[in-house]
Amino acid sequence: MGRTKAEHAGDRVLRPFQLFEQQQASGGLVLLGFAMLALAWANSPWAGAYEQMLGVPLGISLGDQVLRLDLRHWINDGLMAIFFFGVGLEIKREFLVGELAERRKAMLPIVAAVGGMVVPALIYAGFNFDGAGARGWGIPMATDIAFALGALTVLGSRIPEALKVFLVALAIVDDLGALLVIAIFYTASIEWRGVAVIAAVLLALWLANRMGARRGSIYLLLGLGLWAGFYMSGLHATLAGVLTALFVPARVNIVPDALPQVIHRGADDIEAQALDNEPDAMDPDRVAIIGAIAGNLDAATAPLQRFEHSVQPWVTYGILPAFGLFNAGVAIDATVLGTLSTAVPLGIMVGLVLGKSVGIGLASWLAVKTGLAELPQGATWRQLIGTAFLAGIGFTMALFISGLAFHGTHFEREAQLAILIGSLLAAAVGIAILRTSKATQAPGPE
């Protein structure tokens, strides 16, 4: 029996998400492996070599201008800009064609994400009100999408696909909130010459988008210029990645439904050309026809989709493992263990484990009860609460913000250990709840 047009349309929406889900889940395992390697290395007899490697200076020069940073800063300020470029592409895609494109579907992950950001921040602030560690309130706010989705995927078919989509949408809104927090609250001072560069490059990006520029090299060069402007300004340079992504076109030059006809016409041209001449792969006419087909294939794909497909493997299997390796190496000794009962670590751990789950659960319940949103299809309240606990896995973004808040202070090592412990506890509770859940939708909280 033939499939309906609606079923094909549903496949087109779900297929990119399913590929994204598979990549994030496997990437979460790779990230976990490198984080464990860092932890083992930092607590081994070779811990000194680990610390020395973090501080290796690397520089680039352009005329009289020299930019010199240590290896860890090149990863956190440079490579992580590519990670945030990928985040920006995900955010734009979700708002254009994903779960956040439809108002009613978007309301639950948006409301849940806001609750999951506000409550952990308030809990942390409650532990650290007017204390020396008050600056770290943004640490327990965000969700690590790779780890959280990986944990959800491990549970297999017992978890409804709609719940996985909800978690991805929630994590993306989380990331957007964390980016705003970084831009507004974790900038020490602003150099206005850098802001002028930012404004000029943003204008160039807007013009490139309006003119329909589709070449990756254009956005790469402008993105590098924007990164330099952010670095000069004192604003965190990784924000350049997100802003560059928002200007990448999501338009196609050939409607996908017309593509089969275009390809068939090209195939007919090749066949006709072969009848007139002896087949030759180097024949200029044949090369031109094949080039036209390739151009049409490119024109039928949005640059946003193409760039995301190209960047995501590098981020998932290269940049994030490098970030984990150079940021999760916490030397665990009696001193740092003794601080776990102090305000900063407690604020982080309670914020990640209870703050995320209570914030997401309560906000979701209010949204559903007021008719603003509805539960993901096929999901129970118990499953949603279990997923809310998984959202307490804050690893990547939490470590990133802790570096901004506490770099060079004793709080940084305390915060790193608290993030690891809090994320593990949140994952364990979430998986335990989901393993014992049923797959039928309940009318209200269990």
# chains A, B, ... in the order shown; residues from 1 in each chain; ligands from 1
$ residues_around --residues "Trp137 of chain A" --least-positions-apart "4" --cutoff "7 Å" --atoms "only C-alpha atoms" --output "list in words"
Ala121, Tyr124 and Ala125 of chain A
$ write_last_selection --atoms "N, CA, C and O atoms" --output "short mmCIF file (atom, residue, chain, number, x, y, z; two decimals), in the first residue's frame"
data_model
loop_
_atom_site.label_atom_id
_atom_site.label_comp_id
_atom_site.auth_asym_id
_atom_site.auth_seq_id
_atom_site.Cartn_x
_atom_site.Cartn_y
_atom_site.Cartn_z
N ALA A 121 18.96 28.44 39.34
CA ALA A 121 19.67 29.69 39.63
C ALA A 121 19.26 30.24 40.99
O ALA A 121 20.11 30.73 41.76
N TYR A 124 20.82 28.06 43.73
CA TYR A 124 22.24 28.40 43.91
C TYR A 124 22.39 29.73 44.64
O TYR A 124 23.20 29.85 45.57
N ALA A 125 21.59 30.70 44.23
CA ALA A 125 21.66 32.03 44.87
C ALA A 125 21.28 31.94 46.34
O ALA A 125 21.84 32.65 47.18
#
$ residues_around --residues "Val242 of chain A" --least-positions-apart "4" --cutoff "7 Å" --atoms "only C-alpha atoms" --output "list in words"
Phe84, Phe85, Val87, Gly88 and Leu246 of chain A
$ write_last_selection --atoms "N, CA and C atoms" --output "PDB file, in the first residue's frame"
ATOM      1  N   PHE A  84      29.514  26.522  19.431  1.00  0.00           N
ATOM      2  CA  PHE A  84      28.388  27.454  19.537  1.00  0.00           C
ATOM      3  C   PHE A  84      27.815  27.798  18.162  1.00  0.00           C
ATOM      4  N   PHE A  85      28.631  27.711  17.118  1.00  0.00           N
ATOM      5  CA  PHE A  85      28.106  27.853  15.755  1.00  0.00           C
ATOM      6  C   PHE A  85      27.103  26.735  15.478  1.00  0.00           C
ATOM      7  N   VAL A  87      25.432  25.104  17.763  1.00  0.00           N
ATOM      8  CA  VAL A  87      24.267  25.390  18.608  1.00  0.00           C
ATOM      9  C   VAL A  87      23.361  26.416  17.929  1.00  0.00           C
ATOM     10  N   GLY A  88      23.974  27.446  17.346  1.00  0.00           N
ATOM     11  CA  GLY A  88      23.191  28.467  16.654  1.00  0.00           C
ATOM     12  C   GLY A  88      22.419  27.899  15.472  1.00  0.00           C
ATOM     13  N   LEU A 246      23.168  32.409  12.903  1.00  0.00           N
ATOM     14  CA  LEU A 246      21.831  32.969  12.708  1.00  0.00           C
ATOM     15  C   LEU A 246      21.683  33.658  11.355  1.00  0.00           C
TER      16      LEU A 246
END
$ residues_around --residues "Val336 of chain A" --least-positions-apart "4" --cutoff "9 Å" --atoms "only C-alpha atoms" --output "PyMOL selection string"
chain A and resi 331-332+340+413-414+417
$ residues_around --residues "Arg215 of chain A" --least-positions-apart "4" --cutoff "12 Å" --atoms "only C-alpha atoms" --output "PyMOL selection string"
chain A and resi 208-209+211+219-222+248-249+298-299+302-304+306-307
$ closest_residue --among "A:Val56, A:Val197, A:Ala204, A:Ser423" --to "Met232 of chain A" --atoms "only C-alpha atoms"
A:Val197
$ closest_residue --among "A:Arg104, A:Ala228, A:Ile218, A:Leu399" --to "Trp206 of chain A" --atoms "only C-alpha atoms"
A:Ile218
$ select_by_dssp --residues "segment 76-221 of chain A" --states "helix (DSSP H, G or I)" --output "PyMOL selection string"
chain A and resi 76-97+103-127+134-141+145-154+156-158+161-185+192-210+216-221
$ atom_distance --atom1 "atom CA of Gln416 of chain A" --atom2 "atom CA of Pro120 of chain A"
16.5 Å
$ closest_residue --among "A:Val201, A:Leu325, A:Ala334, A:Val315" --to "Trp41 of chain A" --atoms "only C-alpha atoms"
A:Leu325
$ residues_around --residues "Gly126 of chain A" --least-positions-apart "2" --cutoff "12 Å" --atoms "only C-alpha atoms" --output "list in words"
Val119, Pro120, Ala121, Leu122, Ile123, Tyr124, Asn128, Phe129, Asp130, Gly131, Gly133, Ala134, Gly136, Trp137, Ala343, Val344, Leu346, Gly347, Ile348, Val350, Gly351 and Gly355 of chain A
$ closest_residue --among "A:Ala47, A:Ile393, A:Met80, A:Leu96" --to "Leu424 of chain A" --atoms "only C-alpha atoms"
A:Ile393
$ closest_residue --among "A:Gly359, A:Gly194, A:Gly225, A:Gly318" --to "Phe83 of chain A" --atoms "only C-alpha atoms"
A:Gly318
$ select_by_dssp --residues "segment 30-145 of chain A" --states "strand (DSSP E)" --output "list in words"
Pro57, Leu58, Gly59, Ile60, Ser61, Leu62, Gln65, Val66, Leu67, Arg68, Leu69 and Asp70 of chain A
$ write_last_selection --atoms "N, CA and C atoms" --output "PDB file, in the first residue's frame"
ATOM      1  N   PRO A  57      51.735  27.517  25.610  1.00  0.00           N
ATOM      2  CA  PRO A  57      51.347  28.739  24.884  1.00  0.00           C
ATOM      3  C   PRO A  57      51.393  28.531  23.371  1.00  0.00           C
ATOM      4  N   LEU A  58      50.390  29.031  22.686  1.00  0.00           N
ATOM      5  CA  LEU A  58      50.320  28.992  21.230  1.00  0.00           C
ATOM      6  C   LEU A  58      49.888  30.363  20.748  1.00  0.00           C
ATOM      7  N   GLY A  59      50.519  30.827  19.652  1.00  0.00           N
ATOM      8  CA  GLY A  59      50.179  32.157  19.170  1.00  0.00           C
ATOM      9  C   GLY A  59      50.115  32.233  17.660  1.00  0.00           C
ATOM     10  N   ILE A  60      49.378  33.214  17.168  1.00  0.00           N
ATOM     11  CA  ILE A  60      49.346  33.531  15.744  1.00  0.00           C
ATOM     12  C   ILE A  60      49.643  35.014  15.602  1.00  0.00           C
ATOM     13  N   SER A  61      50.265  35.384  14.472  1.00  0.00           N
ATOM     14  CA  SER A  61      50.616  36.790  14.270  1.00  0.00           C
ATOM     15  C   SER A  61      50.129  37.249  12.903  1.00  0.00           C
ATOM     16  N   LEU A  62      49.731  38.506  12.834  1.00  0.00           N
ATOM     17  CA  LEU A  62      49.332  39.146  11.596  1.00  0.00           C
ATOM     18  C   LEU A  62      49.971  40.534  11.593  1.00  0.00           C
ATOM     19  N   GLN A  65      50.526  42.473  14.934  1.00  0.00           N
ATOM     20  CA  GLN A  65      49.553  41.984  15.907  1.00  0.00           C
ATOM     21  C   GLN A  65      49.812  40.516  16.221  1.00  0.00           C
ATOM     22  N   VAL A  66      49.904  40.202  17.507  1.00  0.00           N
ATOM     23  CA  VAL A  66      50.158  38.826  17.942  1.00  0.00           C
ATOM     24  C   VAL A  66      49.065  38.421  18.930  1.00  0.00           C
ATOM     25  N   LEU A  67      48.480  37.268  18.695  1.00  0.00           N
ATOM     26  CA  LEU A  67      47.492  36.721  19.624  1.00  0.00           C
ATOM     27  C   LEU A  67      48.082  35.450  20.213  1.00  0.00           C
ATOM     28  N   ARG A  68      48.322  35.467  21.523  1.00  0.00           N
ATOM     29  CA  ARG A  68      48.941  34.333  22.196  1.00  0.00           C
ATOM     30  C   ARG A  68      48.057  33.882  23.354  1.00  0.00           C
ATOM     31  N   LEU A  69      47.648  32.622  23.329  1.00  0.00           N
ATOM     32  CA  LEU A  69      46.838  32.032  24.391  1.00  0.00           C
ATOM     33  C   LEU A  69      47.404  30.659  24.739  1.00  0.00           C
ATOM     34  N   ASP A  70      47.082  30.176  25.944  1.00  0.00           N
ATOM     35  CA  ASP A  70      47.501  28.812  26.258  1.00  0.00           C
ATOM     36  C   ASP A  70      46.519  27.831  25.604  1.00  0.00           C
TER      37      ASP A  70
END
$ closest_atom_pairs --of "segment 117-176 of chain A" --to "segment 427-430 of chain A" --cutoff "10 Å" --atoms "only C-alpha atoms" --output "tab-separated table"
residue	atom	partner	partner_atom	distance
A:Phe147	CA	A:Ala427	CA	8.8
A:Ala148	CA	A:Ala427	CA	7.6
A:Ala151	CA	A:Ala427	CA	7.2
A:Leu152	CA	A:Gly430	CA	8.8
$ write_last_selection --atoms "N, CA and C atoms" --output "JSON list (two decimals), in the first residue's frame"
[["chain", "number", "residue", "atom", "x", "y", "z"],
["A", 147, "PHE", "N", 24.88, 14.27, 26.58],
["A", 147, "PHE", "CA", 24.78, 13.32, 27.68],
["A", 147, "PHE", "C", 23.32, 12.98, 27.99],
["A", 148, "ALA", "N", 22.45, 14.01, 28.05],
["A", 148, "ALA", "CA", 21.05, 13.78, 28.40],
["A", 148, "ALA", "C", 20.35, 12.92, 27.36],
["A", 151, "ALA", "N", 21.63, 9.32, 27.52],
["A", 151, "ALA", "CA", 21.04, 8.56, 28.62],
["A", 151, "ALA", "C", 19.61, 8.15, 28.28],
["A", 152, "LEU", "N", 18.86, 9.02, 27.61],
["A", 152, "LEU", "CA", 17.48, 8.72, 27.23],
["A", 152, "LEU", "C", 17.44, 7.63, 26.16]]
$ atom_distance --atom1 "atom CA of Ile431 of chain A" --atom2 "atom CA of Gly386 of chain A"
6.8 Å
$ atom_distance --atom1 "atom CA of Ala367 of chain A" --atom2 "atom CA of Trp381 of chain A"
12.9 Å
$ closest_residue --among "A:Ala240, A:Leu176, A:Leu155, A:Ile421" --to "Val114 of chain A" --atoms "only C-alpha atoms"
A:Leu176
$ residues_around --residues "Val30 of chain A" --least-positions-apart "4" --cutoff "12 Å" --atoms "only C-alpha atoms" --output "compact mmCIF listing (two decimals) with N, CA, C and O atoms, in the first residue's frame"
# COMPACT_ATOMS: atom_id res chain seq x y z
N GLN A 23 23.63 10.70 16.47
CA GLN A 23 24.97 11.30 16.57
C GLN A 23 25.23 11.83 17.98
O GLN A 23 26.32 11.65 18.54
N GLN A 24 24.21 12.49 18.58
CA GLN A 24 24.38 13.02 19.92
C GLN A 24 24.58 11.90 20.94
O GLN A 24 25.38 12.03 21.86
N ALA A 25 23.81 10.81 20.78
CA ALA A 25 23.92 9.71 21.74
C ALA A 25 25.31 9.08 21.70
O ALA A 25 25.94 8.85 22.74
N SER A 26 25.82 8.80 20.50
CA SER A 26 27.16 8.22 20.39
C SER A 26 28.22 9.23 20.80
O SER A 26 29.23 8.87 21.42
N PHE A 34 36.38 10.73 27.24
CA PHE A 34 37.46 11.70 27.37
C PHE A 34 37.41 12.42 28.72
O PHE A 34 38.45 12.77 29.29
N ALA A 35 36.20 12.63 29.24
CA ALA A 35 36.09 13.24 30.57
C ALA A 35 36.66 12.31 31.64
O ALA A 35 37.37 12.75 32.56
N MET A 36 36.38 11.01 31.53
CA MET A 36 36.93 10.04 32.48
C MET A 36 38.45 9.95 32.35
O MET A 36 39.16 9.81 33.35
N LEU A 37 38.95 10.05 31.10
CA LEU A 37 40.40 10.06 30.88
C LEU A 37 41.04 11.26 31.57
O LEU A 37 42.08 11.13 32.22
N ALA A 146 24.08 16.27 24.67
CA ALA A 146 24.67 14.99 24.25
C ALA A 146 24.52 13.94 25.34
O ALA A 146 24.07 12.81 25.08
N PHE A 147 24.88 14.27 26.58
CA PHE A 147 24.78 13.32 27.68
C PHE A 147 23.32 12.98 27.99
O PHE A 147 22.96 11.82 28.19
N GLY A 150 21.82 10.94 25.22
CA GLY A 150 22.45 9.63 25.24
C GLY A 150 21.85 8.74 26.33
O GLY A 150 21.56 7.57 26.10
N PRO A 313 29.62 16.50 13.00
CA PRO A 313 30.58 15.44 13.36
C PRO A 313 31.87 15.99 13.97
O PRO A 313 32.42 15.37 14.90
N VAL A 315 32.18 18.71 15.76
CA VAL A 315 31.85 19.14 17.11
C VAL A 315 31.70 17.93 18.03
O VAL A 315 32.28 17.87 19.12
N THR A 316 30.92 16.95 17.57
CA THR A 316 30.57 15.80 18.41
C THR A 316 31.77 14.91 18.71
O THR A 316 31.94 14.46 19.85
N TYR A 317 32.60 14.67 17.70
CA TYR A 317 33.69 13.70 17.87
C TYR A 317 35.07 14.34 17.99
O TYR A 317 36.05 13.62 18.18
N GLY A 318 35.14 15.66 17.90
CA GLY A 318 36.43 16.33 18.01
C GLY A 318 36.46 17.41 19.06
O GLY A 318 37.20 17.33 20.05
N ILE A 319 35.64 18.43 18.89
CA ILE A 319 35.72 19.61 19.75
C ILE A 319 35.24 19.31 21.17
O ILE A 319 35.91 19.65 22.15
N LEU A 320 34.07 18.67 21.31
CA LEU A 320 33.57 18.38 22.66
C LEU A 320 34.46 17.40 23.42
O LEU A 320 34.71 17.60 24.61
N PRO A 321 34.98 16.33 22.79
CA PRO A 321 35.94 15.49 23.52
C PRO A 321 37.19 16.27 23.95
O PRO A 321 37.70 16.05 25.05
N ALA A 322 37.68 17.17 23.08
CA ALA A 322 38.83 17.99 23.47
C ALA A 322 38.48 18.88 24.65
O ALA A 322 39.27 19.05 25.59
N PHE A 323 37.27 19.47 24.61
CA PHE A 323 36.83 20.30 25.73
C PHE A 323 36.75 19.48 27.01
O PHE A 323 37.21 19.92 28.08
N GLY A 324 36.18 18.27 26.92
CA GLY A 324 36.10 17.42 28.10
C GLY A 324 37.46 17.05 28.64
O GLY A 324 37.69 17.06 29.85
N LEU A 325 38.40 16.74 27.74
CA LEU A 325 39.73 16.35 28.15
C LEU A 325 40.44 17.48 28.89
O LEU A 325 41.16 17.24 29.87
$ residues_around --residues "Thr187 of chain A" --least-positions-apart "6" --cutoff "12 Å" --atoms "only C-alpha atoms" --output "number ranges by chain"
A: 135, 179-181, 230-231, 233-237, 239, 401, 404-405
$ write_last_selection --atoms "N, CA and C atoms" --output "PDB file, in the first residue's frame"
ATOM      1  N   ARG A 135      28.828  34.704  42.159  1.00  0.00           N
ATOM      2  CA  ARG A 135      28.950  34.882  40.713  1.00  0.00           C
ATOM      3  C   ARG A 135      28.640  33.607  39.933  1.00  0.00           C
ATOM      4  N   LEU A 179      23.372  31.253  26.676  1.00  0.00           N
ATOM      5  CA  LEU A 179      24.115  32.202  25.838  1.00  0.00           C
ATOM      6  C   LEU A 179      23.802  33.646  26.229  1.00  0.00           C
ATOM      7  N   LEU A 180      22.530  33.916  26.498  1.00  0.00           N
ATOM      8  CA  LEU A 180      22.146  35.266  26.927  1.00  0.00           C
ATOM      9  C   LEU A 180      22.776  35.600  28.286  1.00  0.00           C
ATOM     10  N   VAL A 181      22.802  34.610  29.182  1.00  0.00           N
ATOM     11  CA  VAL A 181      23.418  34.820  30.494  1.00  0.00           C
ATOM     12  C   VAL A 181      24.909  35.132  30.341  1.00  0.00           C
ATOM     13  N   PHE A 230      34.732  40.200  18.737  1.00  0.00           N
ATOM     14  CA  PHE A 230      34.302  39.848  20.088  1.00  0.00           C
ATOM     15  C   PHE A 230      35.496  39.752  21.026  1.00  0.00           C
ATOM     16  N   TYR A 231      36.594  39.155  20.540  1.00  0.00           N
ATOM     17  CA  TYR A 231      37.785  39.042  21.387  1.00  0.00           C
ATOM     18  C   TYR A 231      38.317  40.421  21.755  1.00  0.00           C
ATOM     19  N   SER A 233      36.596  43.145  21.944  1.00  0.00           N
ATOM     20  CA  SER A 233      35.623  43.911  22.728  1.00  0.00           C
ATOM     21  C   SER A 233      35.612  43.534  24.201  1.00  0.00           C
ATOM     22  N   GLY A 234      36.067  42.320  24.528  1.00  0.00           N
ATOM     23  CA  GLY A 234      35.966  41.840  25.895  1.00  0.00           C
ATOM     24  C   GLY A 234      34.760  40.962  26.113  1.00  0.00           C
ATOM     25  N   LEU A 235      33.797  40.984  25.170  1.00  0.00           N
ATOM     26  CA  LEU A 235      32.687  40.036  25.206  1.00  0.00           C
ATOM     27  C   LEU A 235      33.223  38.644  24.877  1.00  0.00           C
ATOM     28  N   HIS A 236      32.555  37.609  25.373  1.00  0.00           N
ATOM     29  CA  HIS A 236      33.125  36.285  25.165  1.00  0.00           C
ATOM     30  C   HIS A 236      33.097  35.916  23.697  1.00  0.00           C
ATOM     31  N   ALA A 237      34.257  35.514  23.170  1.00  0.00           N
ATOM     32  CA  ALA A 237      34.424  35.337  21.719  1.00  0.00           C
ATOM     33  C   ALA A 237      33.573  34.214  21.148  1.00  0.00           C
ATOM     34  N   LEU A 239      30.543  33.732  21.455  1.00  0.00           N
ATOM     35  CA  LEU A 239      29.237  34.234  21.015  1.00  0.00           C
ATOM     36  C   LEU A 239      29.236  34.526  19.517  1.00  0.00           C
ATOM     37  N   ILE A 401      30.626  27.694  31.929  1.00  0.00           N
ATOM     38  CA  ILE A 401      30.259  28.870  32.725  1.00  0.00           C
ATOM     39  C   ILE A 401      31.070  28.932  34.008  1.00  0.00           C
ATOM     40  N   LEU A 404      34.179  30.721  33.306  1.00  0.00           N
ATOM     41  CA  LEU A 404      33.985  32.166  33.204  1.00  0.00           C
ATOM     42  C   LEU A 404      33.808  32.797  34.583  1.00  0.00           C
ATOM     43  N   ALA A 405      33.081  32.106  35.459  1.00  0.00           N
ATOM     44  CA  ALA A 405      32.758  32.677  36.764  1.00  0.00           C
ATOM     45  C   ALA A 405      33.931  32.623  37.737  1.00  0.00           C
TER      46      ALA A 405
END
